[in-house]
$ cat model29.cif   # mmCIF, C-alpha atoms
data_start
loop_
_atom_site.label_atom_id
_atom_site.label_comp_id
_atom_site.auth_asym_id
_atom_site.auth_seq_id
_atom_site.Cartn_x
_atom_site.Cartn_y
_atom_site.Cartn_z
CA MET A 29 110.58 100.47 79.34
CA ASP A 30 111.89 103.50 81.18
CA LEU A 31 111.03 105.23 84.43
CA ASP A 32 109.37 108.21 82.74
CA THR A 33 106.97 105.96 80.83
CA MET A 34 106.26 104.06 84.03
CA GLN A 35 105.35 107.33 85.74
CA GLU A 36 102.07 107.46 83.78
CA ARG A 37 101.21 103.83 84.50
CA TRP A 38 102.02 104.30 88.18
CA LYS A 39 99.73 107.32 88.36
CA SER A 40 97.01 105.46 86.47
CA LEU A 41 96.59 103.23 89.56
CA ASP A 42 95.57 106.22 91.67
CA ALA A 43 91.83 106.40 90.95
CA ARG A 44 91.39 102.68 91.50
CA LEU A 45 93.38 102.67 94.74
CA ASP A 46 91.42 105.65 96.05
CA ALA A 47 88.20 103.76 95.48
CA CYS A 48 89.55 100.48 96.93
CA ILE A 49 91.11 101.61 100.21
CA ARG A 50 88.44 102.07 102.87
CA LEU A 51 88.78 103.75 106.23
CA ASP A 52 86.56 102.80 109.15
CA ARG A 53 86.62 105.94 111.28
CA HIS A 54 85.31 104.30 114.43
CA LEU A 55 87.85 101.48 114.34
CA LEU A 56 90.67 103.84 113.40
CA ARG A 57 89.96 106.07 116.39
CA GLU A 58 90.03 103.09 118.77
CA SER A 59 93.09 101.45 117.24
CA VAL A 60 95.26 104.54 117.01
CA GLU A 61 94.42 105.60 120.55
CA ARG A 62 95.20 102.10 121.84
CA ARG A 63 98.56 102.15 120.09
CA LEU A 64 99.35 105.65 121.32
CA ARG A 65 98.62 104.65 124.91
CA SER A 66 101.00 101.72 124.51
CA HIS A 67 103.77 104.01 123.12
CA ALA A 68 103.22 106.54 125.91
CA ARG A 69 103.31 103.89 128.64
CA TRP A 70 106.59 102.53 127.28
CA GLU A 71 108.27 105.96 127.26
CA VAL A 72 106.97 106.95 130.68
CA ALA A 73 107.68 103.56 132.24
CA LEU A 74 111.27 103.50 131.05
CA ARG A 75 112.55 107.05 130.98
CA LEU A 76 111.03 109.38 133.51
CA PRO A 77 111.16 107.27 136.70
CA GLY A 78 114.76 106.39 135.85
CA LEU A 79 115.60 110.05 135.48
CA ALA A 80 113.88 110.89 138.78
CA LEU A 81 115.89 108.13 140.49
CA ASP A 82 119.09 109.52 138.97
CA VAL A 83 118.35 112.96 140.44
CA VAL A 84 117.69 111.46 143.88
CA ALA A 85 120.84 109.32 143.61
CA VAL A 86 123.02 112.32 142.64
CA ALA A 87 121.70 114.35 145.59
CA TRP A 88 122.21 111.47 148.02
CA LEU A 89 125.68 110.59 146.72
CA GLY A 90 126.68 114.26 146.82
CA SER A 91 125.69 114.42 150.47
CA PHE A 92 127.51 111.11 151.18
CA LEU A 93 130.65 112.47 149.50
CA ALA A 94 130.50 115.66 151.52
CA ASN A 95 130.29 113.64 154.76
CA HIS A 96 133.12 111.27 153.81
CA ALA A 97 135.40 113.53 151.77
CA ALA A 98 138.32 112.85 154.10
CA GLU A 99 137.98 109.04 153.82
CA PRO A 100 139.32 107.86 150.45
CA GLY A 101 138.12 104.31 151.07
CA LEU A 102 134.52 105.60 150.98
CA ALA A 103 134.87 108.75 148.87
CA VAL A 104 136.43 106.99 145.86
CA PRO A 105 133.69 104.30 145.56
CA ALA A 106 131.02 106.99 146.00
CA LEU A 107 132.68 109.11 143.32
CA LEU A 108 132.70 106.15 140.90
CA VAL A 109 129.01 105.47 141.47
CA LEU A 110 128.23 109.18 141.16
CA ALA A 111 130.12 109.39 137.84
CA PHE A 112 128.15 106.41 136.55
CA VAL A 113 124.81 107.94 137.57
CA VAL A 114 125.73 111.29 135.99
CA VAL A 115 126.83 109.66 132.72
CA THR A 116 123.71 107.48 132.39
CA GLY A 117 121.40 110.30 133.52
CA SER A 118 122.85 112.73 130.99
CA ALA A 119 122.49 110.06 128.29
CA THR A 120 118.77 109.85 129.14
CA VAL A 121 118.44 113.65 128.94
CA ARG A 122 120.27 113.72 125.58
CA HIS A 123 117.96 110.95 124.35
CA LEU A 124 114.83 112.86 125.37
CA LEU A 125 116.16 116.07 123.78
CA LEU A 126 116.88 114.23 120.52
CA VAL A 127 113.36 112.78 120.54
CA GLY A 128 112.01 116.33 120.75
CA ARG A 129 114.07 117.43 117.74
CA ILE A 130 112.92 114.65 115.43
CA ASP A 131 110.35 115.79 112.90
CA LEU A 132 109.27 112.91 110.70
CA ALA A 133 107.76 115.39 108.23
CA GLY A 134 111.20 116.95 107.79
CA PRO A 135 113.69 116.09 105.03
CA VAL A 136 114.33 112.36 105.04
CA VAL A 137 118.12 112.56 105.37
CA LYS A 138 117.92 114.95 108.33
CA SER A 139 115.19 112.98 110.12
CA GLN A 140 116.96 109.68 109.57
CA ARG A 141 120.23 111.13 110.86
CA LEU A 142 118.54 112.28 114.08
CA LEU A 143 116.82 108.91 114.46
CA GLN A 144 120.14 107.09 114.09
CA GLU A 145 121.88 109.45 116.50
CA ARG A 146 119.13 108.73 119.01
CA LYS A 147 119.57 105.01 118.44
CA ALA A 148 123.36 105.24 118.81
CA GLU A 149 122.85 107.20 122.04
CA ARG A 150 120.55 104.51 123.40
CA ILE A 151 122.98 101.75 122.46
CA ARG A 152 125.93 103.53 124.09
CA ALA A 153 123.88 104.01 127.27
CA SER A 154 122.98 100.28 127.27
CA LEU A 155 126.63 99.38 126.77
CA ALA A 156 127.69 101.67 129.62
CA VAL A 157 125.15 100.10 131.98
CA PHE A 158 125.81 96.47 131.13
CA LEU A 159 129.57 96.74 130.83
CA LEU A 160 130.15 98.86 133.93
CA ALA A 161 127.55 97.22 136.20
CA PRO A 162 129.77 94.20 137.07
CA LEU A 163 132.53 96.59 138.15
CA LEU A 164 130.33 99.10 139.89
CA TRP A 165 128.38 96.84 142.12
CA THR A 166 131.35 96.49 144.52
CA PRO A 167 131.73 100.28 145.13
CA LEU A 168 127.94 100.46 145.38
CA LEU A 169 127.99 97.80 148.09
CA VAL A 170 130.76 99.68 149.95
CA VAL A 171 128.74 102.91 149.87
CA ALA A 172 125.49 101.18 150.90
CA ILE A 173 127.08 99.45 153.90
CA ALA A 174 128.82 102.66 154.99
CA ALA A 175 125.50 104.52 154.69
CA LEU A 176 124.01 101.98 157.12
CA GLY A 177 126.71 102.90 159.63
CA ALA A 178 128.97 99.85 159.30
CA ASP A 179 132.56 99.60 158.05
CA PRO A 180 132.38 97.70 154.73
CA TYR A 181 136.10 96.89 154.72
CA ARG A 182 135.93 95.32 158.16
CA LEU A 183 132.55 93.64 157.55
CA LEU A 184 133.34 92.05 154.17
CA GLY A 185 137.12 92.11 154.17
CA VAL A 186 139.41 93.68 151.58
CA PRO A 187 140.23 90.35 149.86
CA TRP A 188 136.50 89.63 149.34
CA LEU A 189 135.94 93.08 147.84
CA LEU A 190 139.01 92.75 145.57
CA ALA A 191 137.81 89.31 144.47
CA ASN A 192 134.49 90.88 143.46
CA VAL A 193 136.27 93.55 141.43
CA ALA A 194 138.30 90.81 139.73
CA LEU A 195 135.14 88.84 139.08
CA GLY A 196 133.63 91.94 137.50
CA LEU A 197 136.67 92.30 135.26
CA VAL A 198 136.23 88.70 134.10
CA ALA A 199 132.45 89.08 133.72
CA ILE A 200 132.79 91.89 131.16
CA PRO A 201 134.64 89.97 128.40
CA ALA A 202 132.61 86.86 129.26
CA GLY A 203 129.38 88.84 128.81
CA ILE A 204 130.57 90.24 125.48
CA ALA A 205 131.59 86.76 124.28
CA LEU A 206 128.19 85.38 125.29
CA ALA A 207 126.40 88.26 123.56
CA ARG A 208 128.39 87.65 120.35
CA ARG A 209 127.45 84.01 120.50
CA LEU A 210 123.75 84.77 121.02
CA ALA A 211 123.49 87.82 118.73
CA GLY A 212 121.08 87.15 115.88
CA ARG A 213 119.84 83.89 117.44
CA LEU A 214 117.14 85.21 119.75
CA SER A 215 114.52 86.23 117.23
CA GLY A 216 111.69 84.95 119.45
CA HIS A 217 112.73 87.23 122.32
CA PRO A 218 112.84 90.83 121.08
CA PHE A 219 114.19 92.36 124.30
CA LEU A 220 116.96 89.76 124.71
CA GLN A 221 117.77 89.94 121.03
CA ARG A 222 118.23 93.70 121.18
CA LEU A 223 120.31 93.42 124.34
CA ALA A 224 122.58 90.74 122.84
CA ASP A 225 122.94 92.71 119.59
CA ASP A 226 123.73 95.88 121.56
CA LEU A 227 126.42 94.14 123.64
CA ALA A 228 127.87 92.36 120.63
CA GLY A 229 128.20 95.72 118.87
CA ARG A 230 125.94 94.72 115.97
CA ASN A 231 123.37 97.45 116.51
CA LEU A 232 125.97 100.18 116.93
CA SER A 233 127.77 99.04 113.76
CA ALA A 234 124.47 99.08 111.85
CA ALA A 235 123.62 102.58 113.13
CA THR A 236 127.11 103.87 112.23
CA ALA A 237 126.95 102.29 108.77
CA TRP A 238 123.55 103.88 108.12
CA LEU A 239 124.86 107.29 109.21
CA GLY A 240 127.70 106.83 106.71
CA ALA A 241 125.21 105.89 103.97
CA LEU A 242 123.16 109.02 104.73
CA ASP A 243 126.28 111.20 104.46
CA ARG A 244 127.26 109.64 101.13
CA PHE A 245 123.72 110.04 99.81
CA GLU A 246 123.67 113.69 100.82
CA ARG A 247 127.05 114.32 99.17
CA GLY A 248 125.96 112.61 95.96
CA GLU A 249 128.45 109.75 96.22
CA ASP A 250 127.66 106.28 94.94
CA GLU A 251 126.55 103.70 97.49
CA ARG A 252 129.37 101.26 98.27
CA MET B 10 103.38 113.52 125.33
CA ALA B 11 101.61 111.27 122.85
CA GLY B 12 99.28 109.79 125.44
CA GLU B 13 97.79 113.23 126.08
CA SER B 14 96.83 113.76 122.41
CA PRO B 15 93.15 114.56 121.90
CA ALA B 16 90.92 111.95 120.29
CA LEU B 17 91.35 111.48 116.57
CA ASP B 18 89.26 114.25 115.13
CA ASP B 19 87.30 114.34 111.89
CA ARG B 20 89.67 116.93 110.46
CA PHE B 21 92.52 114.41 110.64
CA LEU B 22 90.38 111.56 109.32
CA ASP B 23 89.26 113.73 106.37
CA ARG B 24 92.90 114.45 105.63
CA LEU B 25 93.77 110.78 105.97
CA GLU B 26 91.31 110.03 103.15
CA GLU B 27 93.45 112.28 100.93
CA ALA B 28 96.67 110.52 101.92
CA LYS B 29 95.58 106.87 102.15
CA ARG B 30 96.72 106.07 98.62
CA ALA B 31 100.17 107.57 99.24
CA LEU B 32 100.57 105.51 102.42
CA TYR B 33 99.52 102.36 100.62
CA LYS B 34 101.91 102.96 97.73
CA VAL B 35 104.88 103.55 100.02
CA ALA B 36 103.99 100.55 102.19
CA SER B 37 103.61 98.31 99.13
CA SER B 38 106.97 99.42 97.79
CA TRP B 39 108.63 98.69 101.13
CA CYS B 40 107.01 95.47 102.31
CA ARG B 41 105.89 92.57 100.16
CA ASP B 42 104.96 90.48 103.19
CA PRO B 43 101.30 91.28 104.12
CA HIS B 44 101.94 91.15 107.89
CA ASP B 45 104.89 93.50 107.67
CA ARG B 46 102.91 95.80 105.40
CA ALA B 47 99.98 95.84 107.84
CA ASP B 48 102.38 96.71 110.67
CA LEU B 49 104.01 99.43 108.57
CA LEU B 50 100.68 101.00 107.53
CA GLN B 51 99.52 101.08 111.15
CA GLU B 52 102.78 102.69 112.21
CA MET B 53 102.39 105.30 109.45
CA VAL B 54 98.88 106.25 110.57
CA VAL B 55 99.97 106.49 114.21
CA GLN B 56 102.97 108.68 113.33
CA LEU B 57 100.80 110.89 111.09
CA TRP B 58 98.45 111.47 113.99
CA ARG B 59 101.31 112.12 116.42
CA SER B 60 102.72 114.73 114.02
CA PHE B 61 99.39 116.21 112.94
CA GLU B 62 99.41 119.10 115.41
CA ARG B 63 102.61 120.32 113.72
CA TYR B 64 101.13 120.08 110.21
CA ASP B 65 101.52 123.32 108.29
CA GLU B 66 98.49 123.90 106.05
CA ARG B 67 100.68 125.62 103.45
CA MET B 68 101.99 122.21 102.39
CA PRO B 69 99.57 119.86 100.58
CA PHE B 70 98.58 117.14 103.04
CA PRO B 71 99.52 114.20 100.75
CA THR B 72 103.02 115.69 100.30
CA TRP B 73 103.42 116.06 104.06
CA ALA B 74 102.05 112.56 104.62
CA TYR B 75 104.39 111.17 101.97
CA ARG B 76 107.43 112.50 103.84
CA ILE B 77 106.27 110.92 107.08
CA ALA B 78 105.44 107.68 105.29
CA LEU B 79 108.94 107.52 103.78
CA ASN B 80 110.63 108.25 107.11
CA VAL B 81 108.51 105.66 108.89
CA ALA B 82 109.12 103.07 106.16
CA ILE B 83 112.89 103.55 106.25
CA SER B 84 112.96 103.39 110.05
CA PHE B 85 110.64 100.38 110.02
CA ARG B 86 113.08 98.36 107.92
CA ARG B 87 115.97 99.35 110.14
CA ARG B 88 114.21 98.61 113.43
CA GLU B 89 116.10 96.09 115.52
CA THR B 90 113.00 94.42 116.93
CA ARG B 91 109.27 94.49 116.33
CA ARG B 92 106.63 94.90 119.00
CA GLN B 93 104.25 92.26 117.65
CA ARG B 94 101.93 92.74 120.63
CA ASP B 95 100.77 96.04 119.11
CA LEU B 96 99.84 94.51 115.78
CA VAL B 97 96.22 93.86 114.81
CA PRO B 98 94.96 92.80 111.37
CA LEU B 99 94.57 95.85 109.14
CA GLU B 100 90.79 95.50 108.79
CA GLN B 101 90.47 95.51 112.59
CA PHE B 102 92.70 98.58 112.65
CA GLY B 103 90.17 100.42 110.47
CA LEU B 104 92.09 100.37 107.21
CA ASP B 105 90.82 97.92 104.62
CA VAL B 106 93.28 97.42 101.75
CA ALA B 107 92.19 93.97 100.58
CA ASP B 108 90.70 95.34 97.34
CA ALA B 109 93.71 97.55 96.81
CA ASP B 110 95.92 94.45 97.04
CA LEU B 111 93.77 92.86 94.34
CA ALA B 112 94.04 96.01 92.23
CA LEU B 113 97.80 95.91 92.54
CA ALA B 114 97.89 92.21 91.70
CA ASP B 115 95.75 92.99 88.61
CA ALA B 116 98.03 95.82 87.52
CA SER B 117 99.97 95.42 84.32
CA SER B 118 103.03 93.20 84.41
CA ASP B 119 105.13 96.34 83.84
CA VAL B 120 103.90 97.87 87.08
CA ARG B 121 104.53 94.67 89.02
CA ARG B 122 108.02 94.37 87.53
CA LEU B 123 108.64 97.99 88.40
CA LEU B 124 107.61 97.34 92.01
CA ASP B 125 110.04 94.41 92.16
CA ARG B 126 112.89 96.53 90.79
CA VAL B 127 112.09 99.43 93.09
CA ALA B 128 111.98 97.07 96.08
CA ALA B 129 115.51 95.93 95.17
CA LEU B 130 116.94 99.47 95.39
CA ASP B 131 118.54 100.78 98.56
CA GLU B 132 116.08 102.63 100.82
CA LEU B 133 117.09 106.18 99.92
CA SER B 134 117.10 105.50 96.17
CA ARG B 135 113.71 103.82 96.57
CA ALA B 136 112.35 106.95 98.25
CA LEU B 137 113.76 109.08 95.43
CA VAL B 138 112.20 106.88 92.71
CA LEU B 139 108.79 106.85 94.42
CA LEU B 140 108.76 110.65 94.64
CA HIS B 141 109.70 110.79 90.94
CA LEU B 142 106.95 108.30 90.02
CA GLU B 143 104.45 110.47 91.91
CA GLY B 144 105.35 113.30 89.54
CA HIS B 145 107.35 115.54 91.88
CA ARG B 146 109.87 117.90 90.31
CA HIS B 147 113.58 117.61 91.12
CA ALA B 148 113.47 120.63 93.43
CA GLU B 149 110.55 119.12 95.40
CA ILE B 150 112.28 115.74 95.63
CA GLY B 151 115.44 117.45 96.85
CA GLU B 152 113.47 119.30 99.49
CA ALA B 153 111.67 116.15 100.65
CA LEU B 154 114.89 114.16 100.89
CA GLY B 155 117.16 116.95 102.09
CA ILE B 156 119.60 116.84 99.16
CA SER B 157 120.45 119.27 96.36
CA GLU B 158 118.52 119.44 93.09
CA GLY B 159 121.69 118.53 91.19
CA ASN B 160 122.17 115.47 93.38
CA VAL B 161 118.58 114.41 92.61
CA ALA B 162 119.16 114.76 88.86
CA THR B 163 122.43 112.80 88.97
CA ARG B 164 121.05 110.01 91.10
CA LEU B 165 117.84 109.76 89.11
CA GLY B 166 119.83 109.54 85.89
CA ARG B 167 121.90 106.66 87.29
CA ILE B 168 118.84 104.84 88.62
CA LYS B 169 116.91 105.27 85.36
CA GLU B 170 119.80 103.77 83.46
CA ARG B 171 120.08 100.87 85.90
CA LEU B 172 116.32 100.21 85.81
CA ARG B 173 116.20 100.51 82.03
CA ARG B 174 118.89 97.84 81.72
CA SER B 175 117.24 95.57 84.27
CA MET B 176 113.74 95.92 82.80
CA ASP B 177 114.69 95.42 79.19
CA PRO B 178 113.62 91.95 78.14
#
$ encode --input "model29.cif" --output "structure tokens"
Amino acid sequence: MDLDTMQERWKSLDARLDACIRLDRHLLRESVERRLRSHARWEVALRLPGLALDVVAVAWLGSFLANHAAEPGLAVPALLVLAFVVVTGSATVRHLLLVGRIDLAGPVVKSQRLLQERKAERIRASLAVFLLAPLLWTPLLVVAIAALGADPYRLLGVPWLLANVALGLVAIPAGIALARRLAGRLSGHPFLQRLADDLAGRNLSAATAWLGALDRFERGEDER
Amino acid sequence: MAGESPALDDRFLDRLEEAKRALYKVASSWCRDPHDRADLLQEMVVQLWRSFERYDERMPFPTWAYRIALNVAISFRRRETRRQRDLVPLEQFGLDVADADLALADASSDVRRLLDRVAALDELSRALVLLHLEGHRHAEIGEALGISEGNVATRLGRIKERLRRSMDP
């Protein structure tokens, strides 16, 4: 039995399938609209307010930096927080631009490549947030206290602040180790599962491997 | 923004009638589990609607729908997590495929064996074989997948040989 012979048998199913599959227009309208609302809420809830906050944060941090440019103890922490906000904000913009470029009716290899690039972008942004957050919360605290008019170094003490930085440095490998331990074991908790798989590097590896497979397919090479 | 899309119009639903078989065939080749298949079919319909305003009438609707169905099916299998909260049984979604499932179960043993073999292929080869089974020419398959015509011919030749060996008794 070969594929060309099977072509006829495969096509012979068509008339029967056409008669068997029934659409209920009323239900379809309701269901699709419900699902679309859910998709839209998810995008709006996660992306746009975050981006608006980033813009506000950049403006505020820029003003803070201008006021404290001559004080390295305040300018450096503010600069670190600003860099973080700019990096994560630009990742969100890149993500939204990629979403706009994806045409699912386009050639499969091209669409899949864009989808994977978007996924890789999202994973890198997650990694940046969760890996840098333990280190960045100390400069953020310094900036916040200074913005309230107090001296953070006098209020909290340099040793306490350094201990927090050290704790952050320990928290990063500990978080990765925990994620590796939990990756693939949280199937009942989709959000936590994705987070653990992101931190453990599993999702990024999968996205990179798929991009490689798409390249090989496009070049006509055999799948490994 | 998807949430601002107008209500599903009759024009789209008429077109969906033309493409329902294609969606079902792709979904059946991708998911053997009925729940996964229901989820995939719903996702296909939603994505078709989201893309419908960009549909170019010069392309036959089933061909256009087939491309979207393949892209959705491949992405569906590669999704890291599923949003089960969105899933409703297919008949409540407005798409009744129960009789189609019976028709497929009644199909000749050759067709069922073919579906098993196709399901065992990698996702891109599976897409290529399905387009071939639907009777598309190499140039059309190449265009749908985004690869050269020569690449289609080479790959199809390899897959045919592999399937022939695996399907021989």
$ closest_residue --input "model29.cif" --among "A:Ile151, A:Ala191, A:Leu132, A:Ala234" --to "Tyr64 (chain B)" --atoms "only C-alpha atoms"
A:Leu132
$ residues_around --input "model29.cif" --residues "Ala28 (chain B)" --least-positions-apart "3" --cutoff "10 Å" --atoms "all atoms listed in the file" --output "MDAnalysis selection string"
(chainID A and resid 46) or (chainID B and resid 22:25 31:33 54 69:75 78)
$ atom_distance --input "model29.cif" --atom1 "CA of Ser117 (chain B)" --atom2 "CA of Lys169 (chain B)"
19.6 Å
$ resolve_selection --input "model29.cif" --expression "the PyMOL selection byres ((chain B and resi 166) around 12)" --output "list in words"
Asp30, Leu31 and Asp32 of chain A; Ser134, Leu137, Val138, His141, His147, Gly159, Asn160, Val161, Ala162, Thr163, Arg164, Leu165, Arg167, Ile168, Lys169, Glu170, Arg171, Leu172 and Arg173 of chain B
$ residues_around --input "model29.cif" --residues "Ala224 (chain A)" --least-positions-apart "4" --cutoff "9 Å" --atoms "only C-alpha atoms" --output "PyMOL selection string"
chain A and resi 204+206-212+214+219-220+228-230
$ build_atoms --input "model29.cif" --residues "region 159-168 of chain B" --atoms "all heavy atoms" --output "PDB file, in the frame of the given file"
ATOM      1  N   GLY B 159     120.712 119.160  92.078  1.00  0.00           N
ATOM      2  CA  GLY B 159     121.690 118.530  91.190  1.00  0.00           C
ATOM      3  C   GLY B 159     121.922 117.076  91.579  1.00  0.00           C
ATOM      4  O   GLY B 159     122.037 116.189  90.717  1.00  0.00           O
ATOM      5  N   ASN B 160     121.982 116.835  92.876  1.00  0.00           N
ATOM      6  CA  ASN B 160     122.170 115.470  93.380  1.00  0.00           C
ATOM      7  C   ASN B 160     120.990 114.590  92.951  1.00  0.00           C
ATOM      8  O   ASN B 160     121.171 113.443  92.535  1.00  0.00           O
ATOM      9  CB  ASN B 160     122.292 115.542  94.912  1.00  0.00           C
ATOM     10  CG  ASN B 160     122.769 114.244  95.547  1.00  0.00           C
ATOM     11  OD1 ASN B 160     122.901 113.229  94.871  1.00  0.00           O
ATOM     12  ND2 ASN B 160     123.010 114.289  96.841  1.00  0.00           N
ATOM     13  N   VAL B 161     119.777 115.161  93.022  1.00  0.00           N
ATOM     14  CA  VAL B 161     118.580 114.410  92.610  1.00  0.00           C
ATOM     15  C   VAL B 161     118.707 114.027  91.138  1.00  0.00           C
ATOM     16  O   VAL B 161     118.501 112.862  90.753  1.00  0.00           O
ATOM     17  CB  VAL B 161     117.292 115.247  92.811  1.00  0.00           C
ATOM     18  CG1 VAL B 161     116.080 114.544  92.197  1.00  0.00           C
ATOM     19  CG2 VAL B 161     117.050 115.511  94.287  1.00  0.00           C
ATOM     20  N   ALA B 162     119.079 115.012  90.302  1.00  0.00           N
ATOM     21  CA  ALA B 162     119.160 114.760  88.860  1.00  0.00           C
ATOM     22  C   ALA B 162     120.199 113.681  88.558  1.00  0.00           C
ATOM     23  O   ALA B 162     119.945 112.754  87.767  1.00  0.00           O
ATOM     24  CB  ALA B 162     119.511 116.061  88.145  1.00  0.00           C
ATOM     25  N   THR B 163     121.363 113.776  89.212  1.00  0.00           N
ATOM     26  CA  THR B 163     122.430 112.800  88.970  1.00  0.00           C
ATOM     27  C   THR B 163     121.992 111.402  89.385  1.00  0.00           C
ATOM     28  O   THR B 163     122.138 110.435  88.634  1.00  0.00           O
ATOM     29  CB  THR B 163     123.698 113.196  89.780  1.00  0.00           C
ATOM     30  OG1 THR B 163     123.985 114.560  89.517  1.00  0.00           O
ATOM     31  CG2 THR B 163     124.873 112.324  89.431  1.00  0.00           C
ATOM     32  N   ARG B 164     121.452 111.326  90.587  1.00  0.00           N
ATOM     33  CA  ARG B 164     121.050 110.010  91.100  1.00  0.00           C
ATOM     34  C   ARG B 164     119.927 109.411  90.257  1.00  0.00           C
ATOM     35  O   ARG B 164     119.937 108.213  89.959  1.00  0.00           O
ATOM     36  CB  ARG B 164     120.580 110.126  92.554  1.00  0.00           C
ATOM     37  CG  ARG B 164     121.698 110.335  93.507  1.00  0.00           C
ATOM     38  CD  ARG B 164     121.293 110.166  94.957  1.00  0.00           C
ATOM     39  NE  ARG B 164     122.484 110.246  95.778  1.00  0.00           N
ATOM     40  CZ  ARG B 164     123.309 109.242  95.995  1.00  0.00           C
ATOM     41  NH1 ARG B 164     123.070 108.060  95.469  1.00  0.00           N
ATOM     42  NH2 ARG B 164     124.386 109.394  96.737  1.00  0.00           N
ATOM     43  N   LEU B 165     118.967 110.260  89.904  1.00  0.00           N
ATOM     44  CA  LEU B 165     117.840 109.760  89.110  1.00  0.00           C
ATOM     45  C   LEU B 165     118.319 109.244  87.759  1.00  0.00           C
ATOM     46  O   LEU B 165     117.849 108.206  87.273  1.00  0.00           O
ATOM     47  CB  LEU B 165     116.820 110.896  88.948  1.00  0.00           C
ATOM     48  CG  LEU B 165     115.355 110.514  88.801  1.00  0.00           C
ATOM     49  CD1 LEU B 165     114.921 109.471  89.815  1.00  0.00           C
ATOM     50  CD2 LEU B 165     114.479 111.760  88.939  1.00  0.00           C
ATOM     51  N   GLY B 166     119.269 109.969  87.179  1.00  0.00           N
ATOM     52  CA  GLY B 166     119.830 109.540  85.890  1.00  0.00           C
ATOM     53  C   GLY B 166     120.456 108.157  85.997  1.00  0.00           C
ATOM     54  O   GLY B 166     120.204 107.269  85.171  1.00  0.00           O
ATOM     55  N   ARG B 167     121.234 107.960  87.087  1.00  0.00           N
ATOM     56  CA  ARG B 167     121.900 106.660  87.290  1.00  0.00           C
ATOM     57  C   ARG B 167     120.858 105.554  87.488  1.00  0.00           C
ATOM     58  O   ARG B 167     120.965 104.466  86.933  1.00  0.00           O
ATOM     59  CB  ARG B 167     122.784 106.714  88.542  1.00  0.00           C
ATOM     60  CG  ARG B 167     124.102 107.414  88.340  1.00  0.00           C
ATOM     61  CD  ARG B 167     124.968 107.194  89.589  1.00  0.00           C
ATOM     62  NE  ARG B 167     125.804 108.355  89.832  1.00  0.00           N
ATOM     63  CZ  ARG B 167     126.020 108.896  91.024  1.00  0.00           C
ATOM     64  NH1 ARG B 167     125.459 108.386  92.096  1.00  0.00           N
ATOM     65  NH2 ARG B 167     126.802 109.936  91.158  1.00  0.00           N
ATOM     66  N   ILE B 168     119.850 105.868  88.308  1.00  0.00           N
ATOM     67  CA  ILE B 168     118.840 104.840  88.620  1.00  0.00           C
ATOM     68  C   ILE B 168     118.032 104.503  87.373  1.00  0.00           C
ATOM     69  O   ILE B 168     117.747 103.326  87.106  1.00  0.00           O
ATOM     70  CB  ILE B 168     117.911 105.315  89.769  1.00  0.00           C
ATOM     71  CG1 ILE B 168     118.699 105.439  91.072  1.00  0.00           C
ATOM     72  CG2 ILE B 168     116.755 104.346  89.974  1.00  0.00           C
ATOM     73  CD1 ILE B 168     117.965 106.180  92.179  1.00  0.00           C
TER      74      ILE B 168
END
